[in-house]
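Undergrad: This structure is in structure tokens; I'll ask about it shortly.
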Amino acid sequence: MDFNNSIDFSHKKSFQKFLASSITIGGKEVKNRLFLAPMAGLGHVAFRELISQFGGFGLLFTGMCSAKALPQENRNISAVFKWRDEELEYLVCQIFGSEPKSMALAAKRIEKEGFFGVDLNFGCCAAAICKKGAGAALLKEPNLAKDIVKAVRDAVSITVFVKFRSGWDSDPLSAAIDSAKMAEAFEKAGADALVYHPRVAPDRRLRPPKWEHIKLIKDIVSIPVFGNGNIFEPLDCQKMLKESGCDGISIGRMAVAKPWIFSSIAGNSLAEYENIYHHTATCMLNLLLKHYEERLAVKMFKKFVPYYAAGFKFGHSISKQLLRADRASEIKQVIDAIFKEPFEQPEAIDRPNLHLLL
Ligand SMILES: Cc1cc2nc3c(=O)[nH]c(=O)nc-3n(C[C@H](O)[C@H](O)[C@H](O)COP(=O)(O)O)c2cc1C
């Protein structure tokens with residue numbers, strides 16, 4: 001389906017309407033074109049429950065799970081391979097690994113559990129992952145990467161996604177040209193959709209992604225291509241769609257900072273939330289306490305703090321106060337003190353403080 005080429009995205013309503021429209025991926029309908037990007041340490045069951053309450057997305061992706069460990073994982077014990085049954089219909093499990101066989105076995109387990117799909121991580125450039133030959137290291141081994149896609153495709157009938165980025169060439173354009181060749185190979189090997197983050201490895205979000213390079217991928221394959229990287233406000237989506245012609249958008253960090261972003265891009269009203277910042281921080285903590293024991297919940301909450309703080313003028317001070325608390329009850333008091341009337345409200349800023357988001 002290529003109808004996005006004929007849409008004039010200069011009108012605000014047209015890009016919102018496009019993103020809110022359904023798309024068929026691997027023969028299955030997805031109700032809109034906005035995804036939660038996979039984020040290790042953040043994209044867990046508690047955060048996904050919060051996002052699900054706001055709505056406005058098509059699919060949610062888990063943080064990366066080790067393909068080797070996954071066949072033995074117990075959802076009642078694992079912090080990562082853990083889900084609510086209600087979310088399975090829109091949940092994709094991401095795996096990392098470097099062997100076709102173990103990736104295929106992990107995908108089989110994911111299919112057996114009833115997930116919407118499986119996502120292959122060919123983009124993570126963290127040293128611990130690349131050292132094992134997984135994540136973005138696979139972009140240096142195009143044949144192995146293609147064999148992994150093929151092995152997973154042959155093993156399951158659920159939807160297969162590949163998330164990848166520009167490769168290891170320091171010149172972004174030639175890296176993107178290489179990525180386009182890989183995209184073609186992934187499609188031939190049986191991938192149903194691609195999510196592309198147009199940044200070279202190991203550039204860790206320091207330079208802005210080259211959205212125009214998503215077009216190189218879009219033009220070479222006929223499966224849906226989703227763009228990713230630096231969407232901070234709804235109008236960024238309009239720009240990415242215009243520059244790349246992509247079929248939809250995957251959002252990471254901004255969904256952590258503002259989990260209502262999908263709903264607001266979809267044009268839904270948020271009027272029912274009197275104080276959305278207070279609501280979000282409180283719900284996140286409560287949901288973490290629902291799914292994890294207190295010590296772990298507090299540790300996990302602290303990973304969200306820089307993202308919340310990034311949305312305010314004096315974010316560093318917000319961050320400091322929240323990070324100082326050690327018990328859930330203390331964190332609740334601090335959240336109330338910062339965000340709840342009758343205290344003076346912190347000043348929100350439109351674009352986040354990137355120093356806090358990196
Ligand atoms: C804390 C954190 C963890 C991440 N973990 C993963 C991961 O497990 N798998 C993956 O493919 N990408 C991972 N990413 C990359 C994101 O999916 C996304 O590509 C990147 O953040 C750029 O998108 P954004 O600008 O919308 O955040 C992670 C990013 C962050 C900030």
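Starting from 1 in every chain, residues are counted up; chains themselves are A, B, ... following the order of the structure tokens, and ligands are numbered from 1 as listed.
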Quick one: residues within 9 Å of A:Ser244, only C-alpha atoms, excluding same-chain residues fewer than 4 positions away - as a VMD selection string?
TA: chain A and resid 211 to 218 227 239 to 240
Undergrad: Could you list the protein, DNA and RNA residues that have any atom within 10 Å of ligand 1, counting only C-alpha atoms and all ligand atoms, and write them as number ranges by chain?
TA: A: 35-43, 61-66, 94-96, 119-126, 135-136, 162-165, 195-199, 204-205, 208-209, 227-232, 249-256, 303-304, 307, 357-358
Undergrad: So that I have them on file, write out the residues from the current selection with C-alpha atoms, as a PDB file, in the first residue's frame.
TA:
```
ATOM      1  CA  PHE A  35       4.230   2.398  17.519  1.00  0.00           C
ATOM      2  CA  LEU A  36       5.912   2.481  20.891  1.00  0.00           C
ATOM      3  CA  ALA A  37       9.609   1.831  20.112  1.00  0.00           C
ATOM      4  CA  PRO A  38      11.381  -0.970  22.002  1.00  0.00           C
ATOM      5  CA  MET A  39      13.264   0.373  25.031  1.00  0.00           C
ATOM      6  CA  ALA A  40      15.170  -1.902  27.390  1.00  0.00           C
ATOM      7  CA  GLY A  41      14.523  -0.983  31.015  1.00  0.00           C
ATOM      8  CA  LEU A  42      11.559   1.239  30.145  1.00  0.00           C
ATOM      9  CA  GLY A  43       9.186  -0.674  27.859  1.00  0.00           C
ATOM     10  CA  PHE A  61       7.060  -3.197  21.422  1.00  0.00           C
ATOM     11  CA  THR A  62       8.740  -4.787  24.443  1.00  0.00           C
ATOM     12  CA  GLY A  63      12.331  -3.947  25.353  1.00  0.00           C
ATOM     13  CA  MET A  64      14.842  -6.376  23.868  1.00  0.00           C
ATOM     14  CA  CYS A  65      14.867  -9.908  25.289  1.00  0.00           C
ATOM     15  CA  SER A  66      17.749 -12.341  24.928  1.00  0.00           C
ATOM     16  CA  GLN A  94      11.700  -7.826  20.503  1.00  0.00           C
ATOM     17  CA  ILE A  95      14.604 -10.278  20.617  1.00  0.00           C
ATOM     18  CA  PHE A  96      18.344  -9.949  20.176  1.00  0.00           C
ATOM     19  CA  ASP A 119      10.814  -7.925  16.231  1.00  0.00           C
ATOM     20  CA  LEU A 120      14.470  -8.621  15.428  1.00  0.00           C
ATOM     21  CA  ASN A 121      16.910  -6.175  16.989  1.00  0.00           C
ATOM     22  CA  PHE A 122      19.535  -5.250  14.394  1.00  0.00           C
ATOM     23  CA  GLY A 123      20.028  -1.749  15.783  1.00  0.00           C
ATOM     24  CA  CYS A 124      21.334  -1.773  19.340  1.00  0.00           C
ATOM     25  CA  CYS A 125      24.936  -0.575  19.450  1.00  0.00           C
ATOM     26  CA  ALA A 126      25.549  -1.052  23.196  1.00  0.00           C
ATOM     27  CA  GLY A 135      22.144  -5.909  17.588  1.00  0.00           C
ATOM     28  CA  ALA A 136      23.853  -3.446  15.254  1.00  0.00           C
ATOM     29  CA  VAL A 162      13.161  -5.946  11.679  1.00  0.00           C
ATOM     30  CA  LYS A 163      14.355  -2.869  13.553  1.00  0.00           C
ATOM     31  CA  PHE A 164      17.618  -1.572  12.206  1.00  0.00           C
ATOM     32  CA  ARG A 165      19.621   1.584  11.757  1.00  0.00           C
ATOM     33  CA  VAL A 195      11.428  -0.013  11.449  1.00  0.00           C
ATOM     34  CA  TYR A 196      14.357   2.164  10.470  1.00  0.00           C
ATOM     35  CA  HIS A 197      16.327   4.545  12.688  1.00  0.00           C
ATOM     36  CA  PRO A 198      18.436   6.667  10.295  1.00  0.00           C
ATOM     37  CA  ARG A 199      21.493   7.137  12.489  1.00  0.00           C
ATOM     38  CA  ARG A 204      24.190   7.179  20.252  1.00  0.00           C
ATOM     39  CA  ARG A 205      21.533   9.808  19.627  1.00  0.00           C
ATOM     40  CA  PRO A 208      19.960  14.246  14.796  1.00  0.00           C
ATOM     41  CA  PRO A 209      18.772  11.332  12.653  1.00  0.00           C
ATOM     42  CA  GLY A 227      10.500   5.767  10.635  1.00  0.00           C
ATOM     43  CA  ASN A 228      12.082   6.308  14.047  1.00  0.00           C
ATOM     44  CA  GLY A 229      14.176   8.933  15.817  1.00  0.00           C
ATOM     45  CA  ASN A 230      13.703  12.336  17.486  1.00  0.00           C
ATOM     46  CA  ILE A 231       9.950  12.714  17.403  1.00  0.00           C
ATOM     47  CA  PHE A 232       9.384  15.227  20.196  1.00  0.00           C
ATOM     48  CA  ILE A 249       6.204   6.189  12.998  1.00  0.00           C
ATOM     49  CA  SER A 250       7.805   4.524  15.998  1.00  0.00           C
ATOM     50  CA  ILE A 251       8.312   6.749  19.065  1.00  0.00           C
ATOM     51  CA  GLY A 252      10.658   6.014  21.951  1.00  0.00           C
ATOM     52  CA  ARG A 253      11.839   8.576  24.487  1.00  0.00           C
ATOM     53  CA  MET A 254       9.021  11.061  24.043  1.00  0.00           C
ATOM     54  CA  ALA A 255       6.507   8.350  24.857  1.00  0.00           C
ATOM     55  CA  VAL A 256       8.326   7.880  28.160  1.00  0.00           C
ATOM     56  CA  LYS A 303      14.718   5.380  35.164  1.00  0.00           C
ATOM     57  CA  PHE A 304      11.668   7.454  34.213  1.00  0.00           C
ATOM     58  CA  TYR A 307      12.342  11.806  31.015  1.00  0.00           C
ATOM     59  CA  LEU A 357      16.902  12.560  27.396  1.00  0.00           C
ATOM     60  CA  LEU A 358      20.111  11.043  26.033  1.00  0.00           C
TER      61      LEU A 358
END
```
Undergrad: For A:Leu144, please output as a ChimeraX atom specification all residues within 12 Å (counting only C-alpha atoms; exclusion window: fewer than 5 positions along the same chain).
TA: /A:97-101,103,122,133-135,137-139,149-151,182,185-186,189
Undergrad: Go ahead and write the residues just picked, N, CA and C atoms, as a PDB file, in the first residue's frame.
TA:
```
ATOM      1  N   GLY A  97      20.022 -11.447  19.359  1.00  0.00           N
ATOM      2  CA  GLY A  97      20.827 -12.665  19.341  1.00  0.00           C
ATOM      3  C   GLY A  97      21.638 -12.676  18.058  1.00  0.00           C
ATOM      4  N   SER A  98      22.478 -13.705  17.912  1.00  0.00           N
ATOM      5  CA  SER A  98      23.341 -13.716  16.731  1.00  0.00           C
ATOM      6  C   SER A  98      23.290 -15.051  15.982  1.00  0.00           C
ATOM      7  N   GLU A  99      22.405 -15.951  16.440  1.00  0.00           N
ATOM      8  CA  GLU A  99      22.344 -17.246  15.743  1.00  0.00           C
ATOM      9  C   GLU A  99      20.947 -17.479  15.198  1.00  0.00           C
ATOM     10  N   PRO A 100      20.871 -17.854  13.925  1.00  0.00           N
ATOM     11  CA  PRO A 100      19.539 -18.096  13.329  1.00  0.00           C
ATOM     12  C   PRO A 100      18.715 -19.087  14.158  1.00  0.00           C
ATOM     13  N   LYS A 101      19.377 -20.143  14.654  1.00  0.00           N
ATOM     14  CA  LYS A 101      18.613 -21.185  15.340  1.00  0.00           C
ATOM     15  C   LYS A 101      17.986 -20.677  16.655  1.00  0.00           C
ATOM     16  N   MET A 103      17.385 -17.598  17.518  1.00  0.00           N
ATOM     17  CA  MET A 103      16.390 -16.552  17.228  1.00  0.00           C
ATOM     18  C   MET A 103      15.073 -17.213  16.792  1.00  0.00           C
ATOM     19  N   PHE A 122      18.296  -5.399  15.163  1.00  0.00           N
ATOM     20  CA  PHE A 122      19.535  -5.250  14.394  1.00  0.00           C
ATOM     21  C   PHE A 122      20.020  -3.799  14.534  1.00  0.00           C
ATOM     22  N   GLY A 133      27.996 -10.177  18.989  1.00  0.00           N
ATOM     23  CA  GLY A 133      27.670 -10.289  17.560  1.00  0.00           C
ATOM     24  C   GLY A 133      26.196 -10.023  17.278  1.00  0.00           C
ATOM     25  N   ALA A 134      25.475  -9.452  18.280  1.00  0.00           N
ATOM     26  CA  ALA A 134      24.035  -9.200  18.105  1.00  0.00           C
ATOM     27  C   ALA A 134      23.777  -7.707  17.876  1.00  0.00           C
ATOM     28  N   GLY A 135      22.510  -7.321  17.765  1.00  0.00           N
ATOM     29  CA  GLY A 135      22.144  -5.909  17.588  1.00  0.00           C
ATOM     30  C   GLY A 135      22.765  -5.344  16.329  1.00  0.00           C
ATOM     31  N   ALA A 137      25.735  -5.038  15.490  1.00  0.00           N
ATOM     32  CA  ALA A 137      26.899  -5.772  14.970  1.00  0.00           C
ATOM     33  C   ALA A 137      26.487  -6.593  13.748  1.00  0.00           C
ATOM     34  N   LEU A 138      25.213  -6.981  13.695  1.00  0.00           N
ATOM     35  CA  LEU A 138      24.759  -7.793  12.554  1.00  0.00           C
ATOM     36  C   LEU A 138      24.739  -6.997  11.249  1.00  0.00           C
ATOM     37  N   LEU A 139      24.782  -5.666  11.364  1.00  0.00           N
ATOM     38  CA  LEU A 139      24.811  -4.860  10.140  1.00  0.00           C
ATOM     39  C   LEU A 139      26.171  -4.989   9.438  1.00  0.00           C
ATOM     40  N   VAL A 149      16.714 -13.552   9.622  1.00  0.00           N
ATOM     41  CA  VAL A 149      15.337 -13.212   9.201  1.00  0.00           C
ATOM     42  C   VAL A 149      14.670 -14.439   8.582  1.00  0.00           C
ATOM     43  N   LYS A 150      15.415 -15.140   7.734  1.00  0.00           N
ATOM     44  CA  LYS A 150      14.844 -16.307   7.033  1.00  0.00           C
ATOM     45  C   LYS A 150      14.494 -17.416   8.035  1.00  0.00           C
ATOM     46  N   ALA A 151      15.395 -17.656   8.994  1.00  0.00           N
ATOM     47  CA  ALA A 151      15.140 -18.721   9.976  1.00  0.00           C
ATOM     48  C   ALA A 151      13.901 -18.396  10.811  1.00  0.00           C
ATOM     49  N   MET A 182      20.383  -3.801   2.571  1.00  0.00           N
ATOM     50  CA  MET A 182      19.998  -4.788   3.591  1.00  0.00           C
ATOM     51  C   MET A 182      18.485  -4.885   3.691  1.00  0.00           C
ATOM     52  N   ALA A 185      17.206  -7.185   1.221  1.00  0.00           N
ATOM     53  CA  ALA A 185      17.481  -8.586   1.580  1.00  0.00           C
ATOM     54  C   ALA A 185      16.531  -9.059   2.692  1.00  0.00           C
ATOM     55  N   PHE A 186      16.225  -8.175   3.653  1.00  0.00           N
ATOM     56  CA  PHE A 186      15.303  -8.566   4.736  1.00  0.00           C
ATOM     57  C   PHE A 186      13.917  -8.855   4.163  1.00  0.00           C
ATOM     58  N   ALA A 189      13.967 -12.152   2.503  1.00  0.00           N
ATOM     59  CA  ALA A 189      14.067 -13.255   3.484  1.00  0.00           C
ATOM     60  C   ALA A 189      12.761 -13.456   4.244  1.00  0.00           C
TER      61      ALA A 189
END
```
Undergrad: Measure the distance from atom CA of A:Pro172 to atom CA of A:Ile220 in Å and round it to one decimal.
TA: 17.6 Å
Undergrad: Enter the distance from atom CA of A:Lys210 to atom CA of A:Ala175, in Å, rounded to one decimal.
TA: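 Taking atom CA of A:Lys210 as the start and atom CA of A:Ala175 as the end point, the length is 11.1 Å.
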Undergrad: Env of A:Glu184: 7 Å cut, atoms = only C-alpha atoms, seq-sep filter 4 positions within chain, self excluded. Answer as a ChimeraX atom specification.
TA: /A:180,188,220-221
Undergrad: Write out, as a compact mmCIF listing (two decimals), in the first residue's frame, the residues just selected, with N, CA and C atoms.
TA:
```txt
# COMPACT_ATOMS: atom_id res chain seq x y z
N ALA A 180 19.83 0.33 2.77
CA ALA A 180 18.77 0.07 1.78
C ALA A 180 18.98 -1.30 1.13
N LYS A 188 13.24 -9.89 1.12
CA LYS A 188 13.32 -11.16 0.38
C LYS A 188 13.33 -12.34 1.34
N ILE A 220 12.87 1.26 -1.77
CA ILE A 220 13.44 0.02 -2.30
C ILE A 220 12.62 -1.23 -1.95
N VAL A 221 11.76 -1.13 -0.92
CA VAL A 221 10.97 -2.31 -0.53
C VAL A 221 9.48 -2.06 -0.74
```
Undergrad: Given only C-alpha atoms as the basis, pick out the residue of A:Ile223, A:Ile276, A:Cys237, A:Leu270 nearest to A:Ser10.
TA: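 Counting only C-alpha atoms, the residue closest to A:Ser10 is A:Cys237.
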Undergrad: Among the residues of stretch 246-300 of chain A, find those DSSP assigns to strand (DSSP E) from the backbone and print them as a list in words.
TA: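 Filtering stretch 246-300 of chain A to strand (DSSP E) leaves Gly248, Ile249, Ser250 and Ile251 of chain A.
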Undergrad: Give me a file of those residues, with C-alpha atoms, as a compact mmCIF listing (two decimals), in the first residue's frame.
TA:
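Saved result, out-v4.txt, follows:
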```txt
# COMPACT_ATOMS: atom_id res chain seq x y z
CA GLY A 248 4.09 5.10 10.05
CA ILE A 249 6.20 6.19 13.00
CA SER A 250 7.81 4.52 16.00
CA ILE A 251 8.31 6.75 19.07
```
Undergrad: From the list A:Ile129, A:Leu59, A:Ile110, A:Asn76, which residue is nearest A:Leu91 when using only C-alpha atoms?
TA: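 Closest to A:Leu91, using only C-alpha atoms: A:Leu59.
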